[in-house]
$ cat target.pdb   # PDB, C-alpha atoms and all ligand atoms
MODEL        1
ATOM      1  CA  MET O   5     -12.750 154.167 -27.368
ATOM      2  CA  SER O   6      -9.105 153.413 -28.208
ATOM      3  CA  THR O   7      -7.718 155.289 -31.225
ATOM      4  CA  SER O   8      -4.323 153.631 -31.199
ATOM      5  CA  THR O   9      -3.242 150.747 -33.422
ATOM      6  CA  GLN O  10      -0.391 149.955 -31.032
ATOM      7  CA  PRO O  11      -0.220 146.352 -29.807
ATOM      8  CA  LYS O  12      -1.951 146.186 -26.448
ATOM      9  CA  GLN O  13       0.296 145.758 -23.446
ATOM     10  CA  THR O  14      -0.063 145.020 -19.747
ATOM     11  CA  PHE O  15       1.259 147.274 -16.981
ATOM     12  CA  LEU O  16       1.527 147.025 -13.220
ATOM     13  CA  VAL O  17       1.263 150.476 -11.664
ATOM     14  CA  LEU O  18       2.511 151.038  -8.107
ATOM     15  CA  GLY O  19       1.513 154.365  -6.585
ATOM     16  CA  ALA O  20      -1.605 154.420  -8.773
ATOM     17  CA  THR O  21      -3.363 157.004  -6.598
ATOM     18  CA  GLY O  22      -0.491 159.518  -6.929
ATOM     19  CA  GLY O  23      -0.791 161.986  -9.805
ATOM     20  CA  CYS O  24       1.940 160.502 -12.019
ATOM     21  CA  GLY O  25       0.728 156.905 -11.755
ATOM     22  CA  LEU O  26      -2.899 157.956 -12.105
ATOM     23  CA  ASN O  27      -2.298 159.888 -15.313
ATOM     24  CA  PHE O  28      -0.287 157.015 -16.757
ATOM     25  CA  ILE O  29      -3.241 154.731 -16.019
ATOM     26  CA  ILE O  30      -5.746 157.123 -17.605
ATOM     27  CA  LYS O  31      -3.734 157.273 -20.852
ATOM     28  CA  SER O  32      -3.179 153.527 -20.914
ATOM     29  CA  LEU O  33      -6.813 152.570 -20.278
ATOM     30  CA  ARG O  34      -8.046 155.058 -22.881
ATOM     31  CA  GLU O  35      -5.757 153.380 -25.410
ATOM     32  CA  GLY O  36      -7.015 149.899 -24.572
ATOM     33  CA  HIS O  37      -4.050 148.559 -22.590
ATOM     34  CA  SER O  38      -4.576 146.497 -19.441
ATOM     35  CA  ILE O  39      -3.612 147.750 -16.012
ATOM     36  CA  SER O  40      -2.980 146.020 -12.734
ATOM     37  CA  ALA O  41      -2.944 148.499  -9.839
ATOM     38  CA  LEU O  42      -1.719 147.595  -6.361
ATOM     39  CA  VAL O  43      -3.379 150.070  -4.013
ATOM     40  CA  ARG O  44      -4.143 150.356  -0.332
ATOM     41  CA  THR O  45      -7.567 151.917  -0.877
ATOM     42  CA  PRO O  46      -9.316 150.778  -4.072
ATOM     43  CA  THR O  47     -12.174 153.303  -3.795
ATOM     44  CA  LYS O  48      -9.626 156.133  -3.826
ATOM     45  CA  LEU O  49      -8.446 154.967  -7.249
ATOM     46  CA  THR O  50     -11.888 154.279  -8.715
ATOM     47  CA  THR O  51     -13.131 157.684  -7.544
ATOM     48  CA  LEU O  52     -10.154 159.422  -9.161
ATOM     49  CA  LEU O  53     -10.704 157.538 -12.420
ATOM     50  CA  LYS O  54     -14.410 158.378 -12.485
ATOM     51  CA  GLU O  55     -13.585 162.048 -11.798
ATOM     52  CA  ASN O  56     -11.420 161.855 -14.907
ATOM     53  CA  ASN O  57     -14.369 160.587 -16.963
ATOM     54  CA  LEU O  58     -13.187 157.047 -17.519
ATOM     55  CA  SER O  59     -16.143 154.994 -18.633
ATOM     56  CA  ASP O  60     -17.054 151.467 -17.599
ATOM     57  CA  SER O  61     -15.733 150.195 -20.928
ATOM     58  CA  HIS O  62     -12.298 151.703 -20.123
ATOM     59  CA  LEU O  63     -12.422 150.320 -16.591
ATOM     60  CA  LYS O  64     -13.007 146.759 -17.774
ATOM     61  CA  ASN O  65      -9.243 146.550 -18.469
ATOM     62  CA  LEU O  66      -8.363 147.584 -14.914
ATOM     63  CA  THR O  67      -7.616 145.011 -12.224
ATOM     64  CA  ILE O  68      -7.229 146.367  -8.730
ATOM     65  CA  VAL O  69      -5.312 144.411  -6.101
ATOM     66  CA  GLN O  70      -5.841 145.735  -2.619
ATOM     67  CA  GLY O  71      -2.662 145.587  -0.582
ATOM     68  CA  ASN O  72       0.532 147.158   0.564
ATOM     69  CA  SER O  73       3.506 147.472  -1.784
ATOM     70  CA  LYS O  74       5.596 145.815   0.947
ATOM     71  CA  SER O  75       3.431 142.669   0.942
ATOM     72  CA  PRO O  76       5.025 139.853  -1.106
ATOM     73  CA  ALA O  77       1.683 138.067  -1.624
ATOM     74  CA  SER O  78      -0.068 141.222  -2.890
ATOM     75  CA  MET O  79       2.878 142.110  -5.114
ATOM     76  CA  THR O  80       2.987 138.641  -6.672
ATOM     77  CA  GLN O  81      -0.754 138.732  -7.304
ATOM     78  CA  ALA O  82      -0.545 142.212  -8.857
ATOM     79  CA  LEU O  83       2.298 141.218 -11.200
ATOM     80  CA  LEU O  84       0.100 138.609 -12.878
ATOM     81  CA  LEU O  85      -2.730 139.629 -15.195
ATOM     82  CA  ASN O  86      -4.828 136.766 -16.531
ATOM     83  CA  GLY O  87      -2.074 134.384 -15.472
ATOM     84  CA  GLN O  88       0.685 136.257 -17.331
ATOM     85  CA  LEU O  89       3.454 138.457 -16.027
ATOM     86  CA  VAL O  90       2.933 142.125 -16.973
ATOM     87  CA  ASP O  91       5.055 143.678 -19.745
ATOM     88  CA  MET O  92       6.046 146.791 -17.804
ATOM     89  CA  ILE O  93       6.021 147.992 -14.197
ATOM     90  CA  VAL O  94       5.660 151.698 -13.463
ATOM     91  CA  SER O  95       6.409 152.707  -9.887
ATOM     92  CA  GLY O  96       5.285 156.088  -8.598
ATOM     93  CA  ILE O  97       5.437 154.897  -5.004
ATOM     94  CA  GLY O  98       6.446 157.662  -2.653
ATOM     95  CA  ALA O  99       6.456 158.609   0.976
ATOM     96  CA  VAL O 100       3.200 160.174   2.120
ATOM     97  CA  PRO O 101       3.537 163.287   4.352
ATOM     98  CA  LYS O 102       1.608 163.280   7.649
ATOM     99  CA  MET O 103       1.411 165.291  10.860
ATOM    100  CA  LYS O 104       2.839 164.003  14.150
ATOM    101  CA  GLY O 105       1.129 166.331  16.562
ATOM    102  CA  LEU O 106       2.019 169.718  15.132
ATOM    103  CA  LYS O 107       5.148 168.423  13.428
ATOM    104  CA  PRO O 108       5.161 167.481   9.733
ATOM    105  CA  THR O 109       6.733 164.080   9.178
ATOM    106  CA  ILE O 110       6.514 161.258   6.633
ATOM    107  CA  GLU O 111       4.633 158.013   6.928
ATOM    108  CA  ASP O 112       7.287 155.588   5.796
ATOM    109  CA  PRO O 113      10.791 156.941   5.097
ATOM    110  CA  THR O 114      12.051 153.798   3.319
ATOM    111  CA  ILE O 115       8.952 152.963   1.280
ATOM    112  CA  CYS O 116      10.617 153.205  -2.155
ATOM    113  CA  ALA O 117      13.525 150.908  -1.278
ATOM    114  CA  ASP O 118      11.230 148.492   0.590
ATOM    115  CA  THR O 119       8.903 148.364  -2.405
ATOM    116  CA  MET O 120      11.819 147.482  -4.689
ATOM    117  CA  THR O 121      12.890 144.690  -2.321
ATOM    118  CA  CYS O 122       9.355 143.323  -2.378
ATOM    119  CA  LEU O 123       9.030 143.716  -6.158
ATOM    120  CA  PHE O 124      12.304 141.907  -6.918
ATOM    121  CA  ASN O 125      11.473 139.126  -4.452
ATOM    122  CA  ALA O 126       8.066 138.680  -6.078
ATOM    123  CA  LEU O 127       9.583 138.604  -9.573
ATOM    124  CA  ARG O 128      12.134 136.030  -8.381
ATOM    125  CA  THR O 129       9.344 133.911  -6.916
ATOM    126  CA  ILE O 130       7.482 133.980 -10.224
ATOM    127  CA  ARG O 131      10.638 133.113 -12.176
ATOM    128  CA  GLU O 132      11.509 130.218  -9.888
ATOM    129  CA  SER O 133       7.995 128.790  -9.690
ATOM    130  CA  ASN O 134       5.409 127.604 -12.170
ATOM    131  CA  LEU O 135       3.150 130.576 -11.536
ATOM    132  CA  ALA O 136       3.637 131.979 -15.062
ATOM    133  CA  GLU O 137       6.012 131.909 -18.001
ATOM    134  CA  TYR O 138       8.828 134.306 -17.143
ATOM    135  CA  ARG O 139       9.118 137.082 -19.767
ATOM    136  CA  ARG O 140      11.313 139.767 -18.256
ATOM    137  CA  PRO O 141       9.433 143.043 -17.744
ATOM    138  CA  ILE O 142      10.721 146.610 -18.078
ATOM    139  CA  LEU O 143      10.763 148.669 -14.888
ATOM    140  CA  VAL O 144      10.116 152.415 -14.864
ATOM    141  CA  GLY O 145      10.881 154.013 -11.502
ATOM    142  CA  ILE O 146       9.791 157.600 -10.862
ATOM    143  CA  SER O 147      12.500 159.426  -8.951
ATOM    144  CA  THR O 148      13.661 162.990  -8.529
ATOM    145  CA  THR O 149      16.216 165.506  -9.676
ATOM    146  CA  GLY O 150      18.714 166.683  -7.070
ATOM    147  CA  ILE O 151      20.201 163.280  -6.198
ATOM    148  CA  SER O 152      22.672 162.650  -9.019
ATOM    149  CA  GLU O 153      26.004 161.196  -7.960
ATOM    150  CA  TYR O 154      27.662 163.156 -10.797
ATOM    151  CA  GLY O 155      26.799 166.702  -9.724
ATOM    152  CA  ARG O 156      24.066 169.285  -9.755
ATOM    153  CA  ASP O 157      21.160 168.748 -12.158
ATOM    154  CA  LEU O 158      18.799 171.528 -11.113
ATOM    155  CA  PRO O 159      18.844 175.301 -10.518
ATOM    156  CA  LEU O 160      21.034 176.360  -7.571
ATOM    157  CA  LEU O 161      18.090 177.811  -5.602
ATOM    158  CA  MET O 162      16.397 174.414  -5.535
ATOM    159  CA  VAL O 163      19.287 172.885  -3.564
ATOM    160  CA  PRO O 164      18.390 174.452  -0.159
ATOM    161  CA  VAL O 165      14.676 173.960  -0.873
ATOM    162  CA  TYR O 166      15.173 170.235  -1.415
ATOM    163  CA  HIS O 167      17.560 170.036   1.527
ATOM    164  CA  LEU O 168      14.865 171.473   3.812
ATOM    165  CA  LEU O 169      11.865 169.650   2.370
ATOM    166  CA  ALA O 170      13.069 166.368   1.015
ATOM    167  CA  ALA O 171      16.326 165.161   2.587
ATOM    168  CA  VAL O 172      14.763 161.957   3.968
ATOM    169  CA  PRO O 173      12.709 160.928   0.892
ATOM    170  CA  HIS O 174      15.725 161.671  -1.282
ATOM    171  CA  GLU O 175      17.855 159.166   0.639
ATOM    172  CA  ASP O 176      15.126 156.610  -0.056
ATOM    173  CA  LYS O 177      15.077 157.511  -3.753
ATOM    174  CA  LYS O 178      18.877 157.137  -3.956
ATOM    175  CA  LEU O 179      18.588 153.654  -2.506
ATOM    176  CA  MET O 180      15.743 152.786  -4.876
ATOM    177  CA  GLU O 181      17.804 153.937  -7.863
ATOM    178  CA  LYS O 182      20.808 151.917  -6.722
ATOM    179  CA  MET O 183      18.674 148.795  -6.351
ATOM    180  CA  ILE O 184      17.182 149.205  -9.839
ATOM    181  CA  LYS O 185      20.595 149.741 -11.439
ATOM    182  CA  THR O 186      22.110 146.785  -9.563
ATOM    183  CA  GLU O 187      19.280 144.449 -10.571
ATOM    184  CA  GLY O 188      19.372 145.714 -14.149
ATOM    185  CA  SER O 189      23.105 145.097 -14.509
ATOM    186  CA  LYS O 190      23.037 141.455 -13.401
ATOM    187  CA  GLU O 191      23.712 138.858 -16.046
ATOM    188  CA  ASP O 192      20.587 136.952 -15.043
ATOM    189  CA  SER O 193      18.613 140.137 -14.352
ATOM    190  CA  LEU O 194      14.935 139.866 -13.551
ATOM    191  CA  LEU O 195      14.414 142.882 -15.816
ATOM    192  CA  ASN O 196      14.494 143.423 -19.547
ATOM    193  CA  GLY O 197      15.672 146.974 -18.865
ATOM    194  CA  TRP O 198      14.800 149.960 -16.724
ATOM    195  CA  VAL O 199      14.287 153.693 -16.918
ATOM    196  CA  ILE O 200      14.626 155.998 -13.922
ATOM    197  CA  VAL O 201      12.482 159.063 -14.580
ATOM    198  CA  ARG O 202      13.828 161.958 -12.531
ATOM    199  CA  ALA O 203      11.006 164.471 -12.276
ATOM    200  CA  SER O 204      11.665 167.997 -11.083
ATOM    201  CA  PHE O 205       9.626 169.627  -8.292
ATOM    202  CA  MET O 206       5.921 168.781  -8.587
ATOM    203  CA  SER O 207       4.214 171.605  -6.748
ATOM    204  CA  LEU O 208       0.425 171.434  -6.643
ATOM    205  CA  GLY O 209      -0.314 174.390  -8.881
ATOM    206  CA  THR O 210       2.093 173.440 -11.668
ATOM    207  CA  LYS O 211       0.295 173.597 -15.007
ATOM    208  CA  GLU O 212       0.927 170.964 -17.627
ATOM    209  CA  VAL O 213       2.843 172.095 -20.699
ATOM    210  CA  GLY O 214       2.302 168.992 -22.835
ATOM    211  CA  VAL O 215       4.725 166.158 -23.476
ATOM    212  CA  GLU O 216       6.207 167.780 -26.585
ATOM    213  CA  ASN O 217       7.174 170.924 -24.614
ATOM    214  CA  LEU O 218       8.979 169.173 -21.751
ATOM    215  CA  LYS O 219      12.752 169.453 -21.420
ATOM    216  CA  VAL O 220      14.232 165.976 -21.308
ATOM    217  CA  GLY O 221      17.861 165.125 -20.569
ATOM    218  CA  ILE O 222      19.798 161.910 -20.076
ATOM    219  CA  GLU O 223      22.443 161.316 -17.415
ATOM    220  CA  GLU O 224      25.274 159.431 -19.069
ATOM    221  CA  ASN O 225      29.055 159.083 -19.418
ATOM    222  CA  GLY O 226      29.540 160.160 -15.813
ATOM    223  CA  ARG O 227      27.760 163.493 -16.359
ATOM    224  CA  PRO O 228      24.522 164.705 -14.842
ATOM    225  CA  ILE O 229      21.515 165.696 -16.950
ATOM    226  CA  PRO O 230      22.757 168.487 -19.263
ATOM    227  CA  ARG O 231      22.115 172.069 -18.144
ATOM    228  CA  GLU O 232      19.763 172.832 -21.051
ATOM    229  CA  SER O 233      17.387 170.219 -19.593
ATOM    230  CA  TRP O 234      17.351 171.658 -16.078
ATOM    231  CA  GLY O 235      14.180 173.205 -14.723
ATOM    232  CA  TRP O 236      12.114 174.132 -11.696
ATOM    233  CA  THR O 237       8.856 172.236 -11.826
ATOM    234  CA  VAL O 238       6.824 169.717 -13.753
ATOM    235  CA  SER O 239       3.197 168.648 -13.457
ATOM    236  CA  ARG O 240       2.236 165.122 -12.432
ATOM    237  CA  LYS O 241       0.046 164.847 -15.507
ATOM    238  CA  ASP O 242       2.981 165.663 -17.783
ATOM    239  CA  VAL O 243       5.103 163.009 -16.023
ATOM    240  CA  GLY O 244       2.461 160.282 -16.444
ATOM    241  CA  ASN O 245       1.769 161.310 -20.028
ATOM    242  CA  TRP O 246       5.481 161.438 -20.861
ATOM    243  CA  ILE O 247       6.025 157.894 -19.617
ATOM    244  CA  TYR O 248       3.140 156.729 -21.791
ATOM    245  CA  ALA O 249       4.161 158.719 -24.878
ATOM    246  CA  GLU O 250       7.880 157.975 -24.802
ATOM    247  CA  LEU O 251       8.262 154.632 -23.056
ATOM    248  CA  VAL O 252       5.115 152.875 -24.315
ATOM    249  CA  LEU O 253       4.363 154.552 -27.665
ATOM    250  CA  ASP O 254       7.986 155.535 -28.370
ATOM    251  CA  LYS O 255       6.638 158.741 -29.922
ATOM    252  CA  SER O 256       9.982 160.408 -30.595
ATOM    253  CA  GLY O 257      11.798 157.139 -31.312
ATOM    254  CA  LYS O 258      14.128 157.550 -28.325
ATOM    255  CA  ARG O 259      12.928 154.724 -26.084
ATOM    256  CA  GLN O 260      16.083 152.752 -26.745
ATOM    257  CA  ARG O 261      18.192 155.814 -25.747
ATOM    258  CA  TYR O 262      16.277 156.085 -22.472
ATOM    259  CA  LEU O 263      16.573 152.414 -21.616
ATOM    260  CA  ASN O 264      18.911 151.700 -18.673
ATOM    261  CA  ARG O 265      19.397 155.419 -18.049
ATOM    262  CA  CYS O 266      18.322 158.110 -15.622
ATOM    263  CA  VAL O 267      16.256 160.642 -17.547
ATOM    264  CA  GLY O 268      15.415 164.117 -16.225
ATOM    265  CA  ILE O 269      12.091 165.683 -17.181
ATOM    266  CA  THR O 270      10.985 169.220 -16.420
ATOM    267  CA  ALA O 271       8.689 171.894 -17.821
TER     268      ALA O 271
HETATM  269  N1  LIG U 301       6.634 166.005  -4.802
HETATM  270  C1  LIG U 301       7.618 166.285  -5.620
HETATM  271  O1  LIG U 301       7.958 167.449  -5.868
HETATM  272  C2  LIG U 301       8.347 165.169  -6.292
HETATM  273  C3  LIG U 301       9.362 165.485  -7.173
HETATM  274  C4  LIG U 301       9.990 164.466  -7.853
HETATM  275  C5  LIG U 301       9.616 163.145  -7.636
HETATM  276  N2  LIG U 301       8.643 162.865  -6.723
HETATM  277  C6  LIG U 301       8.297 161.450  -6.558
HETATM  278  O2  LIG U 301       7.578 161.023  -7.709
HETATM  279  C7  LIG U 301       6.798 159.865  -7.388
HETATM  280  C8  LIG U 301       5.376 160.045  -7.881
HETATM  281  O3  LIG U 301       4.811 161.163  -7.234
HETATM  282  P1  LIG U 301       3.217 161.397  -7.160
HETATM  283  O4  LIG U 301       3.052 162.796  -6.739
HETATM  284  O5  LIG U 301       2.618 160.888  -8.399
HETATM  285  O6  LIG U 301       2.754 160.399  -6.024
HETATM  286  P2  LIG U 301       2.581 160.713  -4.460
HETATM  287  O7  LIG U 301       1.550 161.773  -4.273
HETATM  288  O8  LIG U 301       3.929 160.892  -3.856
HETATM  289  O9  LIG U 301       1.882 159.355  -3.989
HETATM  290  C9  LIG U 301       2.578 158.270  -3.492
HETATM  291  C10 LIG U 301       1.850 157.007  -3.911
HETATM  292  O10 LIG U 301       2.464 155.909  -3.242
HETATM  293  C11 LIG U 301       1.424 155.145  -2.640
HETATM  294  N3  LIG U 301       1.939 154.444  -1.472
HETATM  295  C12 LIG U 301       2.709 154.934  -0.483
HETATM  296  N4  LIG U 301       2.991 153.957   0.404
HETATM  297  C13 LIG U 301       2.394 152.832  -0.063
HETATM  298  C14 LIG U 301       2.332 151.491   0.387
HETATM  299  N5  LIG U 301       2.962 151.102   1.507
HETATM  300  N6  LIG U 301       1.635 150.582  -0.343
HETATM  301  C15 LIG U 301       1.000 150.955  -1.483
HETATM  302  N7  LIG U 301       1.020 152.200  -1.958
HETATM  303  C16 LIG U 301       1.713 153.132  -1.260
HETATM  304  C17 LIG U 301       0.356 156.157  -2.256
HETATM  305  O11 LIG U 301      -0.854 155.478  -2.025
HETATM  306  P3  LIG U 301      -2.005 155.988  -0.995
HETATM  307  O12 LIG U 301      -3.018 156.682  -1.873
HETATM  308  O13 LIG U 301      -2.518 154.733  -0.404
HETATM  309  O14 LIG U 301      -1.356 156.907   0.001
HETATM  310  C18 LIG U 301       0.363 157.005  -3.524
HETATM  311  O15 LIG U 301      -0.350 156.361  -4.552
HETATM  312  C19 LIG U 301       6.892 159.713  -5.880
HETATM  313  O16 LIG U 301       7.873 158.751  -5.591
HETATM  314  C20 LIG U 301       7.381 161.074  -5.425
HETATM  315  O17 LIG U 301       8.111 160.996  -4.214
HETATM  316  C21 LIG U 301       7.983 163.836  -6.072
ENDMDL
END

$ encode --input "target.pdb" --output "structure tokens"
Amino acid sequence: MSTSTQPKQTFLVLGATGGCGLNFIIKSLREGHSISALVRTPTKLTTLLKENNLSDSHLKNLTIVQGNSKSPASMTQALLLNGQLVDMIVSGIGAVPKMKGLKPTIEDPTICADTMTCLFNALRTIRESNLAEYRRPILVGISTTGISEYGRDLPLLMVPVYHLLAAVPHEDKKLMEKMIKTEGSKEDSLLNGWVIVRASFMSLGTKEVGVENLKVGIEENGRPIPRESWGWTVSRKDVGNWIYAELVLDKSGKRQRYLNRCVGITA
């Protein structure tokens, strides 16, 4: 049962079966908001939600669209809930690792940028058609530390680690960030604002510390996230919960400060 008196909102979640998106969905459904989730495998999402003890009454506010985040038709369908454009889009889309023979590789090295292309095209289609009244949504894109154009924003030892493990996905994230910023800065932008959430390393065993204990820093005035907000790891649950607490509930009253900024979060 929802305990919040907040006005109920509608969210499209991309990457709903990843830990960050999933935990954002869990919080949102428990508080009575409505979710549209664009997923490749619906049963994967419903199983994860059931494992997290979401009841049928929570799940009644979940609409699942089966599809690929590169499919314009699926994206357009997922953006509309009960005939209305969603209030906010949260993207936790990321490249999925896989094995090619004995060699580790990634499934789709440009998935984040391709998803943004598809998302913006779908939003444009909705704006230019009679599909729904166009009320510009906010876009939250989950990205990573270690890719700032203004300098280092993480401990020195993480630089070679990321170089070895994540050079290709990081190029994709850079492109995604650039596309979000470019769209957001247009006079006739499709968006009512954006937040790029730069999470630090999300290793599997990382324990959550709770939203109030996270270190949060803003990249601004040509400077990277301040050193006091640098860190090593963060849990996926903390990332999803932080997005809900700060960007939906505005718990610490800083949502406006985060809007149209890159924000680093770490434990
Ligand atoms: N790993 C790290 O240390 C780290 C650090 C900072 C930021 N990040 C980034 O943070 C974001 C969220 O991470 P996460 O761990 O919550 O998620 P994740 O485990 O990276 O999962 C990626 C999500 O994207 C979905 N996806 C991939 N390709 C898709 C496609 N073509 N169509 C539809 N869905 C697709 C996957 O769905 P399926 O279930 O269908 O595969 C999954 O839900 C990701 O962008 C990740 O790269 C990761």

$ residues_near_ligand --input "target.pdb" --ligand "ligand LIG 301 (chain U)" --cutoff "6 Å" --atoms "only C-alpha atoms and all ligand atoms" --output "mmCIF file with C-alpha atoms, keeping the file's coordinate frame"
data_model
loop_
_atom_site.group_PDB
_atom_site.id
_atom_site.type_symbol
_atom_site.label_atom_id
_atom_site.label_comp_id
_atom_site.auth_asym_id
_atom_site.auth_seq_id
_atom_site.Cartn_x
_atom_site.Cartn_y
_atom_site.Cartn_z
ATOM 1 C CA GLY O 19 1.513 154.365 -6.585
ATOM 2 C CA ALA O 20 -1.605 154.420 -8.773
ATOM 3 C CA THR O 21 -3.363 157.004 -6.598
ATOM 4 C CA GLY O 22 -0.491 159.518 -6.929
ATOM 5 C CA GLY O 23 -0.791 161.986 -9.805
ATOM 6 C CA CYS O 24 1.940 160.502 -12.019
ATOM 7 C CA GLY O 25 0.728 156.905 -11.755
ATOM 8 C CA VAL O 43 -3.379 150.070 -4.013
ATOM 9 C CA ARG O 44 -4.143 150.356 -0.332
ATOM 10 C CA THR O 45 -7.567 151.917 -0.877
ATOM 11 C CA ASN O 72 0.532 147.158 0.564
ATOM 12 C CA SER O 73 3.506 147.472 -1.784
ATOM 13 C CA LYS O 74 5.596 145.815 0.947
ATOM 14 C CA GLY O 96 5.285 156.088 -8.598
ATOM 15 C CA ILE O 97 5.437 154.897 -5.004
ATOM 16 C CA GLY O 98 6.446 157.662 -2.653
ATOM 17 C CA ALA O 99 6.456 158.609 0.976
ATOM 18 C CA VAL O 100 3.200 160.174 2.120
ATOM 19 C CA ILE O 146 9.791 157.600 -10.862
ATOM 20 C CA SER O 147 12.500 159.426 -8.951
ATOM 21 C CA THR O 148 13.661 162.990 -8.529
ATOM 22 C CA ALA O 203 11.006 164.471 -12.276
ATOM 23 C CA SER O 204 11.665 167.997 -11.083
ATOM 24 C CA PHE O 205 9.626 169.627 -8.292
ATOM 25 C CA MET O 206 5.921 168.781 -8.587
ATOM 26 C CA SER O 207 4.214 171.605 -6.748
ATOM 27 C CA ARG O 240 2.236 165.122 -12.432
#

$ atom_distance --input "target.pdb" --atom1 "CA of Thr80 (chain O)" --atom2 "CA of Ile142 (chain O)"
15.9 Å

$ residues_around --input "target.pdb" --residues "Trp236 (chain O)" --least-positions-apart "6" --cutoff "8 Å" --atoms "only C-alpha atoms" --output "PyMOL selection string"
chain O and resi 158-159+162+204-205+270-271

$ residues_near_point --input "target.pdb" --point "(17.0, 156.3, -21.4)" --cutoff "10 Å" --atoms "only C-alpha atoms" --output "MDAnalysis selection string"
chainID O and resid 197:201 221:224 250:251 258:268

$ atom_distance --input "target.pdb" --atom1 "CA of Met92 (chain O)" --atom2 "CA of Glu175 (chain O)"
25.2 Å

$ atom_distance --input "target.pdb" --atom1 "CA of Ser193 (chain O)" --atom2 "CA of Ser38 (chain O)"
24.6 Å

$ residues_around --input "target.pdb" --residues "Glu153 (chain O)" --least-positions-apart "6" --cutoff "10 Å" --atoms "all atoms listed in the file" --output "PyMOL selection string"
chain O and resi 178+226-228

$ write_last_selection --input "target.pdb" --atoms "C-alpha atoms" --output "compact mmCIF listing (two decimals), keeping the file's coordinate frame"
# COMPACT_ATOMS: atom_id res chain seq x y z
CA LYS O 178 18.88 157.14 -3.96
CA GLY O 226 29.54 160.16 -15.81
CA ARG O 227 27.76 163.49 -16.36
CA PRO O 228 24.52 164.70 -14.84

$ closest_residue --input "target.pdb" --among "O:Pro173, O:Pro164, O:Gly87, O:Gly235" --to "Ala117 (chain O)" --atoms "all atoms listed in the file"
O:Pro173
